[in-house]
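Peer 1: File my_file_12.cif below, mmCIF, C-alpha atoms:
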data_query
loop_
_atom_site.label_atom_id
_atom_site.label_comp_id
_atom_site.auth_asym_id
_atom_site.auth_seq_id
_atom_site.Cartn_x
_atom_site.Cartn_y
_atom_site.Cartn_z
CA MET A 975 49.31 53.77 36.52
CA ASN A 976 47.02 52.07 39.05
CA ARG A 977 44.01 52.94 36.92
CA ILE A 978 45.68 51.51 33.84
CA SER A 979 46.54 48.30 35.70
CA ILE A 980 43.01 47.90 36.98
CA ARG A 981 41.62 48.39 33.48
CA PHE A 982 44.10 45.90 32.04
CA ILE A 983 43.19 43.29 34.65
CA ALA A 984 39.47 43.86 33.99
CA VAL A 985 39.93 43.34 30.27
CA VAL A 986 41.93 40.16 30.85
CA LEU A 987 39.23 38.78 33.18
CA LEU A 988 36.50 39.64 30.67
CA LEU A 989 38.31 37.85 27.85
CA ALA A 990 38.80 34.83 30.07
CA VAL A 991 35.09 34.68 30.89
CA LEU A 992 34.16 34.97 27.21
CA ALA A 993 36.58 32.19 26.34
CA ILE A 994 34.95 29.90 28.90
CA VAL A 995 31.46 30.69 27.70
CA SER A 996 32.32 30.14 24.02
CA VAL A 997 33.78 26.64 24.54
CA PRO A 998 31.44 24.30 22.57
CA ALA A 999 29.69 21.53 24.41
CA ALA A 1000 31.05 18.08 23.92
CA ASP A 1001 29.55 16.31 20.91
CA THR A 1002 27.61 13.36 22.24
CA ASP A 1003 26.32 12.20 18.89
CA ASN A 1004 29.23 9.84 18.54
CA ASP A 1005 29.10 8.51 22.10
CA ASN A 1006 28.88 4.77 22.61
CA THR A 1007 25.71 3.35 21.08
CA ILE A 1008 24.29 0.10 19.79
CA VAL A 1009 21.95 0.08 16.78
CA ALA A 1010 19.57 -2.87 16.44
CA SER A 1011 16.73 -3.64 14.02
CA GLY A 1012 13.83 -5.99 14.45
CA THR A 1013 11.06 -7.09 12.09
CA GLY A 1014 7.64 -8.34 13.11
CA SER A 1015 5.19 -10.19 10.85
CA VAL A 1016 1.54 -10.90 11.54
CA ILE A 1017 -0.72 -12.89 9.22
CA GLY A 1018 -4.29 -11.70 8.78
CA THR A 1019 -7.37 -12.59 6.76
CA PRO A 1020 -8.49 -10.00 4.18
CA ASP A 1021 -11.84 -8.37 4.92
CA ARG A 1022 -12.06 -6.24 1.75
CA ALA A 1023 -11.94 -7.10 -1.95
CA GLN A 1024 -11.78 -5.05 -5.14
CA ILE A 1025 -12.74 -6.54 -8.51
CA SER A 1026 -12.19 -4.79 -11.83
CA LEU A 1027 -14.83 -5.81 -14.38
CA ALA A 1028 -15.09 -4.50 -17.94
CA VAL A 1029 -17.41 -4.52 -20.93
CA GLU A 1030 -15.69 -4.42 -24.31
CA THR A 1031 -17.65 -3.83 -27.51
CA GLU A 1032 -16.59 -3.37 -31.11
CA ASN A 1033 -18.36 -2.00 -34.17
CA VAL A 1034 -17.55 -0.25 -37.44
CA ASN A 1035 -19.68 2.63 -36.19
CA VAL A 1036 -18.24 4.19 -33.05
CA LYS A 1037 -21.65 5.41 -31.88
CA VAL A 1038 -23.09 1.92 -32.17
CA ALA A 1039 -20.15 0.50 -30.20
CA GLN A 1040 -20.76 3.11 -27.50
CA ALA A 1041 -24.48 2.42 -27.35
CA GLU A 1042 -23.98 -1.36 -27.12
CA ASN A 1043 -21.38 -0.88 -24.39
CA ALA A 1044 -23.60 1.46 -22.38
CA ALA A 1045 -26.57 -0.93 -22.59
CA ARG A 1046 -24.53 -3.90 -21.41
CA MET A 1047 -22.85 -1.99 -18.58
CA THR A 1048 -26.20 -0.62 -17.41
CA LYS A 1049 -27.53 -4.17 -17.30
CA VAL A 1050 -24.51 -5.24 -15.24
CA MET A 1051 -24.89 -2.36 -12.78
CA ASP A 1052 -28.60 -3.05 -12.34
CA ALA A 1053 -27.93 -6.74 -11.71
CA LEU A 1054 -25.27 -5.96 -9.09
CA ALA A 1055 -27.61 -3.50 -7.38
CA ALA A 1056 -30.35 -6.15 -7.33
CA ALA A 1057 -27.87 -8.53 -5.68
CA GLY A 1058 -27.40 -6.07 -2.81
CA ILE A 1059 -24.23 -4.28 -3.91
CA PRO A 1060 -24.58 -0.61 -2.81
CA SER A 1061 -24.10 2.13 -5.39
CA ASP A 1062 -21.13 3.63 -3.51
CA ALA A 1063 -19.30 0.30 -3.92
CA LEU A 1064 -19.33 0.71 -7.72
CA LYS A 1065 -16.90 3.09 -9.39
CA THR A 1066 -16.03 3.64 -13.03
CA THR A 1067 -12.26 3.42 -13.28
CA GLY A 1068 -11.72 3.42 -17.04
CA TYR A 1069 -13.43 4.34 -20.28
CA TYR A 1070 -11.57 4.03 -23.57
CA ILE A 1071 -12.43 4.38 -27.27
CA TYR A 1072 -9.80 3.49 -29.83
CA PRO A 1073 -9.69 2.39 -33.47
CA VAL A 1074 -8.91 -1.14 -34.59
CA TYR A 1075 -6.91 -1.24 -37.82
CA GLU A 1076 -6.99 -3.92 -40.48
CA ASP A 1077 -3.30 -4.57 -39.95
CA PRO A 1078 -1.79 -2.58 -37.05
CA LYS A 1079 1.71 -3.52 -38.20
CA LEU A 1080 1.38 -1.56 -41.43
CA TYR A 1081 1.33 2.24 -41.44
CA GLY A 1082 -1.66 3.94 -43.05
CA GLN A 1083 -4.07 0.99 -42.84
CA LYS A 1084 -7.79 1.65 -42.83
CA ILE A 1085 -9.77 1.50 -39.62
CA ARG A 1086 -11.62 -1.81 -39.41
CA ALA A 1087 -13.75 -0.96 -36.36
CA TYR A 1088 -13.91 0.98 -33.11
CA ARG A 1089 -13.47 -0.68 -29.73
CA VAL A 1090 -15.03 0.69 -26.56
CA THR A 1091 -13.98 -0.52 -23.11
CA ASN A 1092 -15.77 0.49 -19.92
CA THR A 1093 -14.29 -0.69 -16.60
CA VAL A 1094 -16.01 -0.64 -13.23
CA THR A 1095 -14.35 -1.50 -9.90
CA VAL A 1096 -16.49 -3.23 -7.29
CA THR A 1097 -15.44 -2.88 -3.64
CA LEU A 1098 -16.76 -5.59 -1.35
CA HIS A 1099 -16.83 -5.68 2.45
CA ASP A 1100 -17.68 -9.39 2.29
CA VAL A 1101 -14.91 -11.26 0.48
CA SER A 1102 -17.05 -14.39 0.21
CA LYS A 1103 -19.10 -12.62 -2.50
CA VAL A 1104 -16.22 -12.23 -4.97
CA GLY A 1105 -17.14 -15.29 -7.02
CA GLU A 1106 -20.83 -14.34 -6.97
CA VAL A 1107 -20.09 -10.83 -8.24
CA ILE A 1108 -17.97 -12.19 -11.09
CA ASP A 1109 -20.71 -14.63 -12.09
CA ILE A 1110 -23.38 -11.91 -12.02
CA GLY A 1111 -21.20 -9.65 -14.13
CA VAL A 1112 -20.47 -12.31 -16.73
CA ALA A 1113 -24.11 -13.35 -16.94
CA ASN A 1114 -25.12 -9.77 -17.72
CA GLY A 1115 -22.48 -8.69 -20.21
CA ILE A 1116 -19.06 -8.47 -18.59
CA ASN A 1117 -16.38 -9.98 -20.83
CA GLN A 1118 -13.22 -8.89 -18.99
CA ALA A 1119 -12.08 -9.16 -15.39
CA SER A 1120 -8.67 -7.55 -15.25
CA SER A 1121 -7.81 -7.94 -11.57
CA ILE A 1122 -8.90 -9.05 -8.12
CA GLN A 1123 -7.32 -7.60 -5.01
CA PHE A 1124 -7.87 -8.74 -1.44
CA LEU A 1125 -7.24 -6.02 1.12
CA LEU A 1126 -7.43 -5.16 4.80
CA SER A 1127 -9.76 -2.53 6.19
CA ASP A 1128 -8.10 0.37 8.00
CA GLU A 1129 -9.28 -0.95 11.36
CA THR A 1130 -7.96 -4.48 10.79
CA SER A 1131 -4.72 -3.18 9.30
CA GLN A 1132 -4.07 -0.99 12.36
CA VAL A 1133 -4.70 -3.84 14.80
CA LEU A 1134 -2.32 -6.16 12.95
CA ARG A 1135 0.30 -3.43 12.52
CA THR A 1136 0.26 -2.75 16.26
CA GLU A 1137 1.01 -6.41 16.90
CA ALA A 1138 3.78 -6.39 14.30
CA LEU A 1139 5.34 -3.27 15.83
CA LYS A 1140 5.40 -4.83 19.29
CA GLU A 1141 7.06 -7.95 17.92
CA ALA A 1142 9.62 -5.89 15.99
CA THR A 1143 10.46 -3.76 19.03
CA GLU A 1144 10.93 -6.81 21.24
CA ARG A 1145 13.27 -8.39 18.69
CA ALA A 1146 15.35 -5.22 18.38
CA ALA A 1147 15.61 -4.97 22.18
CA ALA A 1148 16.61 -8.63 22.48
CA ASP A 1149 19.34 -8.25 19.86
CA ALA A 1150 20.68 -5.09 21.50
CA LYS A 1151 20.83 -6.79 24.91
CA THR A 1152 22.64 -9.80 23.47
CA VAL A 1153 25.29 -7.57 21.91
CA ALA A 1154 25.63 -5.45 25.05
CA ASP A 1155 26.10 -8.53 27.23
CA ALA A 1156 28.74 -9.89 24.86
CA LEU A 1157 30.60 -6.59 25.00
CA GLY A 1158 30.35 -6.34 28.76
CA VAL A 1159 28.37 -3.10 28.68
CA SER A 1160 24.90 -2.13 29.75
CA ILE A 1161 22.07 -0.37 27.93
CA ARG A 1162 21.22 3.00 29.50
CA SER A 1163 18.35 4.31 27.42
CA VAL A 1164 16.96 4.77 23.91
CA LYS A 1165 18.48 7.48 21.75
CA THR A 1166 16.30 7.19 18.61
CA ALA A 1167 13.76 4.83 17.04
CA GLN A 1168 12.61 4.56 13.43
CA VAL A 1169 9.59 2.65 12.13
CA SER A 1170 8.93 1.30 8.64
CA GLY A 1171 7.04 -1.49 6.92
CA GLY A 1172 3.52 -2.27 5.76
CA TYR A 1173 1.56 -4.86 3.80
CA TYR A 1174 0.73 -5.60 0.20
CA PRO A 1175 -2.67 -6.74 -1.09
CA VAL A 1176 -3.06 -10.18 -2.61
CA ALA A 1177 -3.67 -9.61 -6.31
CA PHE A 1178 -4.82 -11.94 -9.07
CA GLN A 1179 -4.25 -10.25 -12.43
CA ASN A 1180 -5.86 -11.10 -15.78
CA TYR A 1181 -8.59 -13.36 -14.47
CA ALA A 1182 -9.71 -15.89 -17.09
CA MET A 1183 -13.35 -15.42 -18.14
CA ALA A 1184 -13.90 -18.66 -20.03
CA ASP A 1185 -14.88 -20.89 -17.09
CA SER A 1186 -17.20 -18.27 -15.60
CA ALA A 1187 -18.88 -17.56 -18.91
CA SER A 1188 -19.93 -21.19 -19.30
CA GLY A 1189 -22.20 -20.86 -16.27
CA ALA A 1190 -21.60 -24.50 -15.39
CA ALA A 1191 -20.70 -23.82 -11.76
CA PRO A 1192 -20.15 -20.89 -9.39
CA THR A 1193 -16.73 -19.34 -9.63
CA PRO A 1194 -14.57 -20.41 -6.64
CA ILE A 1195 -12.31 -17.66 -5.29
CA GLN A 1196 -10.10 -18.10 -2.22
CA PRO A 1197 -8.76 -14.86 -0.69
CA GLY A 1198 -5.67 -16.34 0.95
CA ASP A 1199 -3.83 -14.45 3.68
CA VAL A 1200 -2.25 -11.02 3.97
CA THR A 1201 0.98 -10.49 5.90
CA VAL A 1202 1.45 -7.24 7.78
CA THR A 1203 5.09 -6.41 8.54
CA ALA A 1204 6.80 -3.70 10.54
CA THR A 1205 10.47 -2.93 11.08
CA VAL A 1206 11.84 -0.98 14.02
CA THR A 1207 15.40 0.35 14.13
CA VAL A 1208 16.49 1.51 17.58
CA THR A 1209 19.67 3.25 18.69
CA TYR A 1210 20.52 2.60 22.35
CA TRP A 1211 22.90 4.52 24.63
CA ILE A 1212 25.34 2.16 26.37
CA ALA A 1213 27.70 2.54 29.27
#
Rewrite the structure from the file as structure tokens, please.
Peer 2:
Amino acid sequence: MNRISIRFIAVVLLLAVLAIVSVPAADTDNDNTIVASGTGSVIGTPDRAQISLAVETENVNVKVAQAENAARMTKVMDALAAAGIPSDALKTTGYYIYPVYEDPKLYGQKIRAYRVTNTVTVTLHDVSKVGEVIDIGVANGINQASSIQFLLSDETSQVLRTEALKEATERAAADAKTVADALGVSIRSVKTAQVSGGYYPVAFQNYAMADSASGAAPTPIQPGDVTVTATVTVTYWIA
């Protein structure tokens, strides 16, 4: 009987220990917190530009249209190189050949001609040369300029983003402190932080070629400013 009692007591004690060990820890995810978001904005001057220039030719003979297009684009590329634009700053970004019908609204119409479009994108590290590049292109055969984009280099973008992040963090912290003071609590530490935001290039689409083609005066292009933004969302522990 004594042995049975001792075994029974041992089993009871073992079950008790297991019960204690298996008790889940308290869930602290829903403890008292304050969530605050802040946004920082920093204005910068673009130091990169991308210009899309195109030569469009049309002829009843597709091979003739191709040859005319190639000759004009070669002349443009040579002129840009002579102006000091490096070869790695020039990139072909589109080449299209498609038929032009006598009446595109009517099915089964005969082909009137073939149109060839060759687009090159010029990347500039000196934004003051945008107007000059457009004028050189037009003077040598460019008849379309589909877009101009002013951008930030990676180095400049990172510097401005760092400033925006600091401003956003300070605003989030200030808001959290204001709320904590109003509630009569204090901020203990940071639980989590999330970062988002960026910037968008300044774009001028469908640039008009008429004024440039006249050659009366250099083409004036103003890059404007680029705004870099960053948003920080912080969750603070409070007590």
Peer 1: Rank nothing, just name the residue among A:Gln1132, A:Gln1040, A:Asn1033, A:Ser1026 nearest to Thr1066 in chain A, using only C-alpha atoms.
Peer 2: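 Answer, going by the shortest atom-to-atom distance: A:Ser1026.
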Peer 1: Report, in Å with one decimal, the straight-line distance from CA of Gly1018 in chain A to CA of Ile1110 in chain A.
Peer 2: 28.2 Å
Peer 1: Enter the distance from CA of Lys1103 in chain A to CA of Tyr1069 in chain A, in Å, rounded to one decimal.
Peer 2: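 Computing the Euclidean distance for CA of Lys1103 in chain A and CA of Tyr1069 in chain A yields 25.2 Å.
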Peer 1: What lies within 10 Å of His1099 in chain A using all atoms listed in the file, ignoring chain neighbours under 6 positions off, as a PyMOL selection string?
Peer 2: chain A and resi 1020-1024+1059+1063+1125-1127
Peer 1: Could you check which of A:Gly1014, A:Phe1124, A:Thr1091, A:Pro1197 is closest to Ile1071 in chain A, using all atoms listed in the file?
Peer 2: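 Among A:Gly1014, A:Phe1124, A:Thr1091, A:Pro1197, it is A:Thr1091 that comes nearest to Ile1071 in chain A.
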Peer 1: I'd like the interatomic distance between CA of Ile1122 in chain A and CA of Ser1061 in chain A, to a tenth of an Å.
Peer 2: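 Spanning CA of Ile1122 in chain A to CA of Ser1061 in chain A is a straight-line distance of 19.1 Å.
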Peer 1: Could you pull out every residue with an atom within 12 Å of (-0.5, -5.1, 18.5), file coordinates, counting only C-alpha atoms, and send them as an mmCIF file with C-alpha atoms, in the coordinates of the input?
Peer 2:
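The resulting result-v2.cif:
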data_model
loop_
_atom_site.group_PDB
_atom_site.id
_atom_site.type_symbol
_atom_site.label_atom_id
_atom_site.label_comp_id
_atom_site.auth_asym_id
_atom_site.auth_seq_id
_atom_site.Cartn_x
_atom_site.Cartn_y
_atom_site.Cartn_z
ATOM 1 C CA GLY A 1014 7.640 -8.340 13.110
ATOM 2 C CA SER A 1015 5.190 -10.190 10.850
ATOM 3 C CA VAL A 1016 1.540 -10.900 11.540
ATOM 4 C CA THR A 1130 -7.960 -4.480 10.790
ATOM 5 C CA SER A 1131 -4.720 -3.180 9.300
ATOM 6 C CA GLN A 1132 -4.070 -0.990 12.360
ATOM 7 C CA VAL A 1133 -4.700 -3.840 14.800
ATOM 8 C CA LEU A 1134 -2.320 -6.160 12.950
ATOM 9 C CA ARG A 1135 0.300 -3.430 12.520
ATOM 10 C CA THR A 1136 0.260 -2.750 16.260
ATOM 11 C CA GLU A 1137 1.010 -6.410 16.900
ATOM 12 C CA ALA A 1138 3.780 -6.390 14.300
ATOM 13 C CA LEU A 1139 5.340 -3.270 15.830
ATOM 14 C CA LYS A 1140 5.400 -4.830 19.290
ATOM 15 C CA GLU A 1141 7.060 -7.950 17.920
ATOM 16 C CA ALA A 1142 9.620 -5.890 15.990
ATOM 17 C CA THR A 1143 10.460 -3.760 19.030
ATOM 18 C CA GLU A 1144 10.930 -6.810 21.240
ATOM 19 C CA VAL A 1202 1.450 -7.240 7.780
ATOM 20 C CA THR A 1203 5.090 -6.410 8.540
ATOM 21 C CA ALA A 1204 6.800 -3.700 10.540
#
Peer 1: For Pro1073 in chain A, which of A:Ala1177, A:Val1036, A:Ala1041, A:Val1094 is the closest residue, counting all atoms listed in the file?
Peer 2: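 Using all atoms listed in the file, Pro1073 in chain A sits closest to A:Val1036.
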Peer 1: Which of these residues is nearest to Thr1193 in chain A, using all atoms listed in the file: A:Asn1114, A:Asp1155, A:Gly1172, A:Glu1106?
Peer 2: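 The answer is A:Glu1106, which sits nearest to Thr1193 in chain A.
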Peer 1: Smallest atom-to-atom distance to Tyr1174 in chain A: which of A:Asn1006, A:Thr1201, A:Thr1095, A:Thr1019, using all atoms listed in the file?
Peer 2: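 The answer is A:Thr1201, which sits nearest to Tyr1174 in chain A.
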Peer 1: Nearest to Ala1213 in chain A: which of A:Ile1161, A:Ala1087, A:Ala1057, A:Val1169 is it, counting all atoms listed in the file?
Peer 2: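 Of A:Ile1161, A:Ala1087, A:Ala1057, A:Val1169, the one nearest Ala1213 in chain A, counting all atoms listed in the file, is A:Ile1161.
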Peer 1: Given the file shown, enumerate the residues that the PyMOL selection byres ((chain A and resi 1149) around 12) captures and present them as number ranges by chain.
Peer 2: A: 1008-1013, 1142-1148, 1150-1156, 1161, 1206-1210
Peer 1: Hey, what comes out of the PyMOL selection byres ((chain A and resi 1111) around 12) on this file? Could you write it as a PyMOL selection string?
Peer 2: chain A and resi 1025-1029+1046-1057+1059+1093-1096+1104-1110+1112-1119+1183+1186-1187+1189+1193
